[in-house]
Every structure is written in structure tokens, then in C-alpha cells.
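Okay, my_file-v8.cif now, which holds mmCIF, C-alpha atoms and all ligand atoms:
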data_model
#
loop_
_atom_site.label_atom_id
_atom_site.label_comp_id
_atom_site.auth_asym_id
_atom_site.auth_seq_id
_atom_site.Cartn_x
_atom_site.Cartn_y
_atom_site.Cartn_z
CA MET X 1 0.00 0.00 0.00
CA SER X 2 1.37 3.44 -0.82
CA GLN X 3 0.31 6.85 0.34
CA ILE X 4 -0.41 9.88 -1.81
CA GLU X 5 1.47 13.12 -1.64
CA VAL X 6 -0.09 15.27 1.11
CA LEU X 7 -1.84 18.20 -0.51
CA GLN X 8 -2.48 19.98 2.77
CA GLU X 9 -0.06 20.12 5.70
CA SER X 10 -2.54 20.02 8.55
CA PHE X 11 -6.12 18.78 8.46
CA GLU X 12 -6.76 20.30 11.92
CA GLU X 13 -7.11 23.77 10.38
CA ARG X 14 -10.19 22.64 8.51
CA TYR X 15 -12.55 22.07 11.41
CA THR X 16 -13.47 23.21 14.90
CA VAL X 17 -14.41 20.50 17.36
CA PRO X 18 -17.32 21.74 19.53
CA PRO X 19 -16.64 21.51 23.28
CA VAL X 20 -18.53 18.66 24.95
CA GLU X 21 -21.32 20.20 27.06
CA THR X 22 -22.24 18.63 30.38
CA VAL X 23 -26.00 18.03 30.54
CA ARG X 24 -27.26 18.07 34.14
CA ASP X 25 -30.81 16.78 33.62
CA THR X 26 -32.30 14.71 36.46
CA PRO X 27 -33.70 11.24 35.58
CA ASP X 28 -37.21 12.77 35.67
CA GLU X 29 -36.23 15.56 33.28
CA ILE X 30 -34.66 13.02 30.92
CA ARG X 31 -37.85 10.93 30.93
CA ARG X 32 -39.99 14.01 30.31
CA LYS X 33 -37.85 15.12 27.35
CA GLN X 34 -37.78 11.61 25.89
CA GLN X 35 -41.57 11.50 26.18
CA ARG X 36 -41.78 14.84 24.34
CA VAL X 37 -39.50 13.45 21.58
CA ARG X 38 -41.78 10.43 21.19
CA GLU X 39 -44.90 12.61 21.00
CA LEU X 40 -43.32 14.85 18.37
CA CYS X 41 -42.10 11.84 16.36
CA ALA X 42 -45.65 10.43 16.38
CA LYS X 43 -47.12 13.80 15.38
CA HIS X 44 -44.76 14.24 12.40
CA ASN X 45 -44.46 10.55 11.44
CA ALA X 46 -40.74 10.82 12.18
CA ILE X 47 -38.15 8.12 12.77
CA LEU X 48 -35.17 8.80 15.02
CA LEU X 49 -31.88 7.20 13.97
CA ALA X 50 -28.93 7.33 16.38
CA HIS X 51 -25.30 6.36 15.96
CA HIS X 52 -23.51 4.28 18.61
CA TYR X 53 -21.44 7.35 19.58
CA GLN X 54 -24.46 9.39 20.64
CA ARG X 55 -25.21 10.35 24.25
CA PRO X 56 -26.92 7.47 26.18
CA GLU X 57 -30.18 9.41 26.72
CA VAL X 58 -30.40 10.06 22.97
CA GLN X 59 -29.66 6.41 22.13
CA GLU X 60 -32.43 5.41 24.55
CA VAL X 61 -35.11 7.38 22.72
CA ALA X 62 -34.04 6.29 19.22
CA ASP X 63 -35.95 3.88 16.97
CA VAL X 64 -32.67 2.49 15.62
CA VAL X 65 -29.20 2.61 17.21
CA ALA X 66 -26.50 1.35 14.88
CA ASP X 67 -23.35 2.08 12.85
CA SER X 68 -23.28 4.14 9.63
CA LEU X 69 -24.06 1.18 7.39
CA LYS X 70 -27.09 -0.02 9.32
CA LEU X 71 -28.37 3.53 9.74
CA SER X 72 -28.14 4.04 5.95
CA GLN X 73 -30.08 0.81 5.46
CA ALA X 74 -32.71 1.93 8.00
CA ALA X 75 -33.03 5.30 6.24
CA ALA X 76 -33.37 3.60 2.85
CA LYS X 77 -36.32 1.46 3.95
CA THR X 78 -38.27 3.68 6.33
CA ASN X 79 -41.86 4.76 5.60
CA ALA X 80 -41.54 7.77 7.88
CA ASP X 81 -41.95 11.28 6.44
CA VAL X 82 -39.19 12.75 8.60
CA ILE X 83 -35.79 11.30 9.57
CA VAL X 84 -34.21 12.82 12.68
CA PHE X 85 -30.55 11.96 12.32
CA CYS X 86 -28.74 11.83 15.64
CA GLY X 87 -25.28 11.46 14.21
CA VAL X 88 -23.10 13.74 12.12
CA HIS X 89 -23.54 15.73 8.92
CA PHE X 90 -22.26 13.20 6.36
CA MET X 91 -24.69 10.61 7.78
CA ALA X 92 -27.63 13.00 7.42
CA GLU X 93 -26.48 13.76 3.86
CA THR X 94 -26.42 10.04 3.06
CA ALA X 95 -29.99 9.72 4.39
CA ALA X 96 -31.06 12.75 2.31
CA ILE X 97 -29.54 11.15 -0.82
CA LEU X 98 -31.27 7.83 -0.17
CA CYS X 99 -34.61 9.47 0.72
CA PRO X 100 -35.07 12.52 -1.54
CA ASP X 101 -38.79 12.69 -0.71
CA LYS X 102 -38.24 12.85 3.05
CA LYS X 103 -37.25 15.65 5.39
CA VAL X 104 -33.90 14.88 7.06
CA LEU X 105 -33.19 16.79 10.27
CA LEU X 106 -29.80 17.10 11.95
CA PRO X 107 -30.48 18.61 15.41
CA ASP X 108 -27.18 20.54 15.49
CA LEU X 109 -25.36 21.64 12.35
CA ARG X 110 -22.05 21.78 14.25
CA ALA X 111 -22.10 17.96 14.10
CA GLY X 112 -19.36 17.64 11.50
CA CYS X 113 -16.55 15.08 11.26
CA SER X 114 -12.79 15.62 11.23
CA LEU X 115 -12.31 12.60 8.97
CA ALA X 116 -14.83 13.82 6.40
CA ALA X 117 -13.19 17.28 6.54
CA SER X 118 -9.78 15.84 5.62
CA VAL X 119 -10.59 15.45 1.93
CA THR X 120 -12.21 17.94 -0.42
CA VAL X 121 -13.68 17.27 -3.82
CA GLU X 122 -10.95 19.42 -5.44
CA GLU X 123 -8.25 17.26 -3.85
CA LEU X 124 -9.98 14.11 -5.00
CA ARG X 125 -10.19 15.42 -8.59
CA LYS X 126 -6.45 16.22 -8.60
CA TRP X 127 -5.72 12.78 -7.21
CA LYS X 128 -7.90 11.06 -9.81
CA ALA X 129 -6.13 12.96 -12.59
CA LYS X 130 -2.84 11.42 -11.47
CA LEU X 131 -4.21 7.85 -11.54
CA PRO X 132 -6.95 7.92 -14.19
CA ASP X 133 -7.53 4.15 -14.37
CA ALA X 134 -7.91 3.71 -10.60
CA VAL X 135 -11.18 2.79 -8.90
CA VAL X 136 -12.11 5.29 -6.18
CA VAL X 137 -13.41 3.81 -2.92
CA ALA X 138 -14.68 6.46 -0.51
CA TYR X 139 -15.37 5.75 3.12
CA VAL X 140 -18.88 6.80 4.11
CA ASN X 141 -17.22 9.51 6.27
CA THR X 142 -16.98 11.90 3.30
CA SER X 143 -19.08 14.76 1.98
CA ALA X 144 -21.77 14.06 -0.61
CA ALA X 145 -19.63 15.95 -3.16
CA VAL X 146 -16.70 13.55 -2.58
CA LYS X 147 -19.03 10.54 -2.82
CA ALA X 148 -20.34 11.91 -6.12
CA GLU X 149 -16.76 11.73 -7.53
CA SER X 150 -16.27 8.17 -6.24
CA ASP X 151 -17.00 4.75 -7.73
CA TYR X 152 -17.82 2.95 -4.50
CA CYS X 153 -18.74 3.97 -1.01
CA CYS X 154 -17.94 1.74 1.99
CA THR X 155 -18.14 1.68 5.77
CA SER X 156 -15.73 0.06 8.20
CA ALA X 157 -18.21 -2.86 8.31
CA ASN X 158 -17.90 -3.71 4.61
CA ALA X 159 -14.72 -1.97 3.34
CA ALA X 160 -12.84 -5.26 2.77
CA LYS X 161 -15.83 -6.74 0.95
CA VAL X 162 -16.12 -3.69 -1.33
CA VAL X 163 -12.39 -3.72 -2.12
CA SER X 164 -12.47 -7.49 -2.79
CA ALA X 165 -15.27 -6.96 -5.33
CA ILE X 166 -12.95 -4.80 -7.48
CA PRO X 167 -10.87 -6.65 -10.12
CA ALA X 168 -7.43 -7.42 -8.66
CA ASP X 169 -5.53 -5.70 -11.49
CA ARG X 170 -7.22 -2.31 -10.95
CA PRO X 171 -5.44 0.14 -8.63
CA ILE X 172 -7.64 1.50 -5.85
CA LEU X 173 -7.67 5.03 -4.51
CA PHE X 174 -8.92 4.63 -0.95
CA LEU X 175 -10.00 7.69 0.99
CA PRO X 176 -9.85 9.42 3.37
CA ASP X 177 -8.80 7.17 6.30
CA LYS X 178 -5.22 5.92 6.17
CA PHE X 179 -5.69 3.62 9.17
CA LEU X 180 -8.73 1.87 7.72
CA ALA X 181 -6.85 1.62 4.40
CA SER X 182 -4.03 -0.29 6.11
CA VAL X 183 -6.50 -2.73 7.71
CA VAL X 184 -8.25 -3.29 4.37
CA ALA X 185 -4.91 -3.83 2.60
CA ARG X 186 -4.00 -6.44 5.20
CA GLN X 187 -7.43 -8.16 5.17
CA THR X 188 -7.67 -8.33 1.36
CA GLY X 189 -3.98 -8.89 0.59
CA ARG X 190 -4.15 -6.07 -2.00
CA SER X 191 -0.89 -4.25 -2.63
CA ASN X 192 -2.32 -1.82 -5.20
CA ILE X 193 -4.22 0.38 -2.73
CA VAL X 194 -3.18 4.01 -2.68
CA ALA X 195 -4.35 5.62 0.57
CA TYR X 196 -5.29 9.20 1.27
CA PRO X 197 -3.57 10.38 4.49
CA GLY X 198 -6.69 11.42 6.42
CA TYR X 199 -7.71 10.35 9.91
CA CYS X 200 -10.32 10.82 12.63
CA HIS X 201 -8.95 13.07 15.38
CA VAL X 202 -10.66 10.90 18.06
CA HIS X 203 -9.58 7.44 16.91
CA LYS X 204 -6.07 8.70 16.18
CA THR X 205 -5.58 9.17 19.94
CA ILE X 206 -6.02 5.43 20.56
CA ARG X 207 -2.32 4.53 20.65
CA PRO X 208 -0.33 1.27 20.73
CA GLU X 209 0.92 2.21 24.26
CA ASP X 210 -2.70 2.32 25.49
CA VAL X 211 -3.30 -1.17 24.13
CA LEU X 212 -0.16 -2.58 25.77
CA GLU X 213 -1.04 -0.90 29.05
CA ILE X 214 -4.53 -2.38 29.22
CA LEU X 215 -3.20 -5.79 28.26
CA ASP X 216 -0.70 -5.51 31.08
CA GLU X 217 -3.51 -4.81 33.57
CA HIS X 218 -5.87 -7.48 32.14
CA PRO X 219 -3.74 -10.21 30.53
CA ASP X 220 -6.71 -12.39 29.45
CA ILE X 221 -8.72 -9.61 27.85
CA GLU X 222 -9.93 -9.62 24.22
CA LEU X 223 -8.83 -6.57 22.22
CA LEU X 224 -11.51 -5.03 20.00
CA LEU X 225 -10.07 -2.21 17.91
CA HIS X 226 -11.94 -0.05 15.43
CA PRO X 227 -10.06 0.14 12.09
CA GLU X 228 -9.92 3.97 12.35
CA CYS X 229 -7.67 3.75 15.45
CA GLY X 230 -4.20 5.28 15.27
CA CYS X 231 -2.79 2.04 16.69
CA VAL X 232 -4.03 -0.38 14.01
CA SER X 233 -0.87 -0.70 11.86
CA SER X 234 1.30 -1.25 14.91
CA CYS X 235 -1.22 -3.65 16.49
CA MET X 236 -1.56 -5.70 13.29
CA ALA X 237 2.23 -6.08 13.21
CA LYS X 238 2.33 -6.92 16.94
CA ALA X 239 -0.45 -9.51 16.55
CA ALA X 240 1.48 -11.06 13.64
CA ASP X 241 4.77 -11.32 15.59
CA GLY X 242 3.07 -12.55 18.78
CA THR X 243 3.62 -9.40 20.92
CA LEU X 244 -0.18 -9.15 21.05
CA PRO X 245 -2.30 -12.30 21.37
CA GLN X 246 -3.24 -13.02 17.74
CA ASP X 247 -6.31 -15.07 18.71
CA ARG X 248 -7.61 -12.27 20.97
CA THR X 249 -6.94 -9.19 18.80
CA PHE X 250 -9.73 -8.11 16.46
CA PHE X 251 -10.21 -5.15 14.11
CA LEU X 252 -13.95 -4.52 13.98
CA SER X 253 -16.58 -1.93 13.14
CA THR X 254 -18.88 -0.99 16.04
CA GLU X 255 -21.65 -3.27 14.76
CA ALA X 256 -19.17 -6.13 14.33
CA MET X 257 -17.95 -5.56 17.90
CA LEU X 258 -21.50 -6.10 19.18
CA ARG X 259 -21.85 -9.28 17.11
CA HIS X 260 -18.44 -10.56 18.17
CA ILE X 261 -19.08 -10.02 21.90
CA GLY X 262 -22.40 -11.88 21.62
CA GLN X 263 -20.58 -14.92 20.25
CA SER X 264 -17.40 -14.77 22.34
CA PRO X 265 -16.91 -16.89 25.47
CA ALA X 266 -14.65 -14.15 26.88
CA ASN X 267 -15.83 -12.02 29.80
CA GLU X 268 -13.47 -9.04 29.52
CA PHE X 269 -13.01 -6.78 26.52
CA ALA X 270 -10.78 -3.78 25.83
CA VAL X 271 -12.69 -1.53 23.47
CA GLY X 272 -10.80 0.82 21.15
CA THR X 273 -13.31 3.28 19.73
CA GLU X 274 -15.37 6.33 20.71
CA LEU X 275 -16.73 6.08 24.24
CA GLY X 276 -20.43 6.25 23.29
CA ILE X 277 -20.38 2.56 22.27
CA MET X 278 -20.01 1.60 25.96
CA HIS X 279 -23.70 2.35 26.56
CA GLN X 280 -24.91 -0.34 24.13
CA LEU X 281 -22.22 -2.82 25.19
CA ARG X 282 -23.08 -2.56 28.90
CA LYS X 283 -26.80 -2.61 28.18
CA LYS X 284 -26.68 -5.65 25.88
CA PHE X 285 -24.07 -7.62 27.84
CA PRO X 286 -24.49 -6.69 31.54
CA GLU X 287 -22.65 -9.85 32.63
CA LYS X 288 -19.44 -8.87 30.76
CA GLU X 289 -16.78 -6.27 31.59
CA PHE X 290 -15.71 -3.55 29.17
CA TYR X 291 -12.70 -1.26 29.44
CA PRO X 292 -12.11 1.64 27.05
CA VAL X 293 -8.60 1.55 25.55
CA ASN X 294 -8.61 5.36 25.77
CA PRO X 295 -11.28 6.79 28.13
CA ASN X 296 -10.76 10.23 26.57
CA ALA X 297 -11.80 9.12 23.07
CA ILE X 298 -14.90 11.32 22.96
CA CYS X 299 -16.20 12.91 19.76
CA GLY X 300 -17.29 16.51 20.35
CA PHE X 301 -19.16 16.49 17.02
CA MET X 302 -21.35 13.54 18.04
CA LYS X 303 -22.01 15.00 21.50
CA THR X 304 -23.53 18.21 20.11
CA ILE X 305 -26.82 16.31 19.84
CA THR X 306 -28.68 16.64 23.14
CA LEU X 307 -32.30 15.81 24.02
CA ASP X 308 -33.08 19.54 24.13
CA ARG X 309 -31.80 19.96 20.57
CA VAL X 310 -33.73 16.92 19.35
CA VAL X 311 -36.93 18.38 20.86
CA LYS X 312 -36.25 21.80 19.31
CA SER X 313 -35.45 20.24 15.95
CA LEU X 314 -38.75 18.35 15.93
CA GLU X 315 -40.68 21.44 17.08
CA THR X 316 -39.21 23.67 14.40
CA MET X 317 -38.58 21.01 11.69
CA SER X 318 -35.04 22.35 11.36
CA PRO X 319 -32.14 22.34 10.68
CA GLN X 320 -32.81 20.34 7.54
CA VAL X 321 -30.01 18.71 5.53
CA THR X 322 -30.41 18.67 1.75
CA VAL X 323 -28.08 17.70 -1.10
CA PRO X 324 -28.21 19.36 -4.56
CA GLN X 325 -29.84 17.02 -7.10
CA ASP X 326 -26.84 16.58 -9.42
CA ILE X 327 -24.50 15.72 -6.53
CA ALA X 328 -27.13 13.43 -4.97
CA ARG X 329 -27.63 11.54 -8.25
CA ASN X 330 -23.91 10.80 -8.65
CA ALA X 331 -23.30 10.09 -4.96
CA ARG X 332 -26.23 7.67 -4.93
CA ARG X 333 -24.45 5.38 -7.42
CA ALA X 334 -21.55 4.89 -5.01
CA ILE X 335 -23.87 4.49 -1.99
CA ASP X 336 -26.12 1.98 -3.77
CA ARG X 337 -23.08 -0.14 -4.62
CA MET X 338 -22.15 -0.13 -0.95
CA LEU X 339 -25.65 -1.21 0.07
CA GLU X 340 -25.71 -3.95 -2.58
CA LEU X 341 -22.53 -5.40 -1.07
CA ALA X 342 -23.72 -5.03 2.54
S1 LIG X 401 -15.60 9.80 15.93
FE1 LIG X 401 -14.23 10.58 14.32
S2 LIG X 401 -14.98 9.64 12.43
FE2 LIG X 401 -16.64 9.47 13.95
S3 LIG X 401 -17.86 11.33 13.65
FE3 LIG X 401 -16.38 11.79 15.26
S4 LIG X 401 -14.71 12.77 14.13
FE4 LIG X 401 -15.92 11.68 12.61
#
Would you put the structure from the file into C-alpha cells?
Ligand code: SF4
Amino acid sequence: MSQIEVLQESFEERYTVPPVETVRDTPDEIRRKQQRVRELCAKHNAILLAHHYQRPEVQEVADVVADSLKLSQAAAKTNADVIVFCGVHFMAETAAILCPDKKVLLPDLRAGCSLAASVTVEELRKWKAKLPDAVVVAYVNTSAAVKAESDYCCTSANAAKVVSAIPADRPILFLPDKFLASVVARQTGRSNIVAYPGYCHVHKTIRPEDVLEILDEHPDIELLLHPECGCVSSCMAKAADGTLPQDRTFFLSTEAMLRHIGQSPANEFAVGTELGIMHQLRKKFPEKEFYPVNPNAICGFMKTITLDRVVKSLETMSPQVTVPQDIARNARRAIDRMLELA
């Protein structure tokens, strides 16, 4: 796998991470607000979709809690008139592309994504010009405009499957996550993947030292690492040379983590991803123990969505996310291919 020339020195200049607000609602206030959300959803025939990284009280009021792939599938098949997307902007855009006749609400427009911000459509066009016969595979964490310039879309749950479906002799431009690209290259055995050097600012902070430390404290633990983590290349190498237990080290999307835990006889898991996933893990598997690899891996973008903002969004039917028709048409091709391979 090779990496492209960096067109921009620092991706950090492109986004502002909102500070994580502390919500001090009492259990009664939470219940009252959740009840209000349900009433408003019924009134507007709305469905509420929430990502695993959302606040627990938002996950608890959602109709579907899942990863990006499952949420796209839920959006594609819903009969609701309104989709309240409790996630980030690119996810709401994907829902708007899949459901052009529905209103898609994103309760806080500050809910962006550092990974999506790391590649622009202009950069992708320049990159494509350098490798004109390459197939472009865009991670779902990209803007609709970038998806519209791509051949395939993928999520961490099906990236290897998407890449495997591309003829072996075709070079692949994989964007924007360099860590996911390295996992996909390893899983598929493809050497002709050219990776864009983007990353998620949250997952990047999950370091190899954190993994070794937690393994030191809990020697029998299973390691579940999201492929966006900054530690994945080092951990893949360490699992291969035996420094990490190969049979207890897994690189999984959030949805795959849930599936894996349900089937694993292990009782202790080190979880390398955004902290919001802990809510579903502890709820679904109360008899098992979970330890975050980095307890500070919190996404400020995801946490902008609070119950108050969901209520306000449903009361005002705003902010709405829309995608221009020409971009939506082209982006849909790449998204549909992803859903076909899901
Ligand atoms: S955790 Fe990272 S990839 Fe996910 S929404 Fe936040 S910034 Fe984007």
C-alpha cells in the first residue's frame, strides 16, 4: 500500500471541534424530554436514527441505534416522512440522498466530522487525474460531493468486501482514512491500494501504548479495535509477531464488535473506539466487563446532539439537511453499490 502526496499540511485547520457540554438533567427531566421526543415523532411521522457514539439518553429514545451502514439501510427502507438523524452531517447527507422525498433533520449543524473534513472534492479530482484508471473507494465519512466523484462507497463494516469486489488488477484510490486503508490492505492482501492520508482526530488518539497498558492490567482480555484507530498498523504487526495475542486481537466496526461479543466466550473486553459505544455494550451484555482503551476518546461532534436539541429540531422542523440534485444523483451510485454489497 502506498500513500499519496499530502496536498495539505494540517487537516486540523479545517474544522473546529465543539466543546462537549455537560448536561445536568435529572432522571425525571430526561424521561420528560424523551416522552416529548416520542410525542413529536408520532405527530410528524418521524423516525429517530442514532449512531452508537451518541449520548446514552439520545440512544435510549431512538428507533434504531447502529453504525453508519445499518443507519443508511434503516433510512433507505423507512416509511416515515421525517428522519431525525442523531449522528453527524455526512450521515444526514447520506440519508437525504437515499430518501429525496423525506425531510432529514440534523439537530445541530455543528455535528461535522474531522475525517470527512480531511478530503475535499478538489483534492480528489487532482488525485484522480494522477491515476486515471484507478477505482475510487470512498469511506462513508466523506461529503456528498466527494461521494459523487467516487465509484464505490464503503463503511468500516464492509470496506474489505467492497475492495475485494474490485478486479485485482485495478489500482484503488482509498479515501480518506489511512488507518482503515491499512487494515483493508492487510485483510484483502491487496498491494495496489493508494491511501489518502486522512484520519479521525478521536480514533487517532487510541495509541499502541494504550493497548499494551490495558493488556498488562488485564492479561486475558480480548482486544476489540476499530479500524480507524491510530494504533491499528502497529497492532496488526504486533499480533502477527506474537507481541499481542493473535487469537484475541480483532479489528472490527462498532456493529461487528457487538456481534463478536455476543458470540465470544470471553468475559473481559478492551474496546478501542469512541466512548459512546459503551452504553450499548453494557446494556446488551451486563454480565461482561468492558474497558475503554482510551477513556478520553470522545467525539465533540457527536455529542452536540442533546435531548433539548432533538426536541427543538422536531418542534421547528429544522435544521434540515439537503443535497443538490446533481450531486445526490452521482453520490447515490456509489452508496447503492455499498448497500448492494452489505
Ligand atoms: S468519531 Fe471521528 S470519524 Fe466518527 S464522527 Fe467523530 S470525528 Fe468523525
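Picture a line from atom CA of X:Met278 to atom FE1 of ligand LIG 401 (chain X); it runs 15.8 Å.
Selection of all polymer residues within 6 Å of ligand LIG 401 (chain X) on the basis of only C-alpha atoms and all ligand atoms gives Val88, Cys113, Ser114, Leu115, Cys200, His201, Val202, Glu274, Cys299, Phe301 and Met302 of chain X.
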*Spatial sel., origin (-2.4, -7.5, 18.0), limit 12 Å, all atoms listed in the file, listed as a PyMOL selection string*: chain X and resi 208+211-212+215+221-225+231-251
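Those residues that approach X:Val323 to within 9 Å, counting all atoms listed in the file, are Glu93, Thr94, Ala96, Ile97, Pro100, Ala144, Ala145, Val321, Gln325, Asp326, Ile327 and Ala328 of chain X; same-chain residues fewer than 2 positions away are not listed.
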Written selection (C-alpha atoms) as a PDB file, keeping the file's coordinate frame:
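selection-v7.pdb was written with the following content:
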ATOM      1  CA  GLU X  93     -26.480  13.760   3.860  1.00  0.00           C
ATOM      2  CA  THR X  94     -26.420  10.040   3.060  1.00  0.00           C
ATOM      3  CA  ALA X  96     -31.060  12.750   2.310  1.00  0.00           C
ATOM      4  CA  ILE X  97     -29.540  11.150  -0.820  1.00  0.00           C
ATOM      5  CA  PRO X 100     -35.070  12.520  -1.540  1.00  0.00           C
ATOM      6  CA  ALA X 144     -21.770  14.060  -0.610  1.00  0.00           C
ATOM      7  CA  ALA X 145     -19.630  15.950  -3.160  1.00  0.00           C
ATOM      8  CA  VAL X 321     -30.010  18.710   5.530  1.00  0.00           C
ATOM      9  CA  GLN X 325     -29.840  17.020  -7.100  1.00  0.00           C
ATOM     10  CA  ASP X 326     -26.840  16.580  -9.420  1.00  0.00           C
ATOM     11  CA  ILE X 327     -24.500  15.720  -6.530  1.00  0.00           C
ATOM     12  CA  ALA X 328     -27.130  13.430  -4.970  1.00  0.00           C
TER      13      ALA X 328
END
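Ranking X:Leu131, X:Val293, X:Met317, X:Val310 by their shortest atom-to-atom distance to X:Gln35, with only C-alpha atoms included, puts X:Val310 first.
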What's the 9 Å shell around X:Leu49, counting all atoms listed in the file, without same-chain residues fewer than 5 positions away, as a ChimeraX atom specification?
-> /X:59,62-66,71,74-75,83-87
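Closest approach to X:Tyr53 among X:Ala334, X:Thr273, X:Leu341, X:Arg14 is made by X:Thr273 (distances from only C-alpha atoms).
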Give me the residues within 10 Å of X:Gly112 as a PyMOL selection string, counting all atoms listed in the file and dropping any in the same chain fewer than 2 places off.
-> chain X and resi 15-18+87-91+108-110+114-117+141+143+300-302+304
Residue contacts of stretch 120-125 of chain X (6 Å, all atoms listed in the file) excluding same-chain residues fewer than 2 positions away, as a PyMOL selection string:
chain X and resi 127-128+146
Counting only C-alpha atoms, what is within 10 Å of X:Ser118, bar same-chain residues fewer than 6 positions away, as a PyMOL selection string? chain X and resi 8+10-15+141-142+175-177+196-200
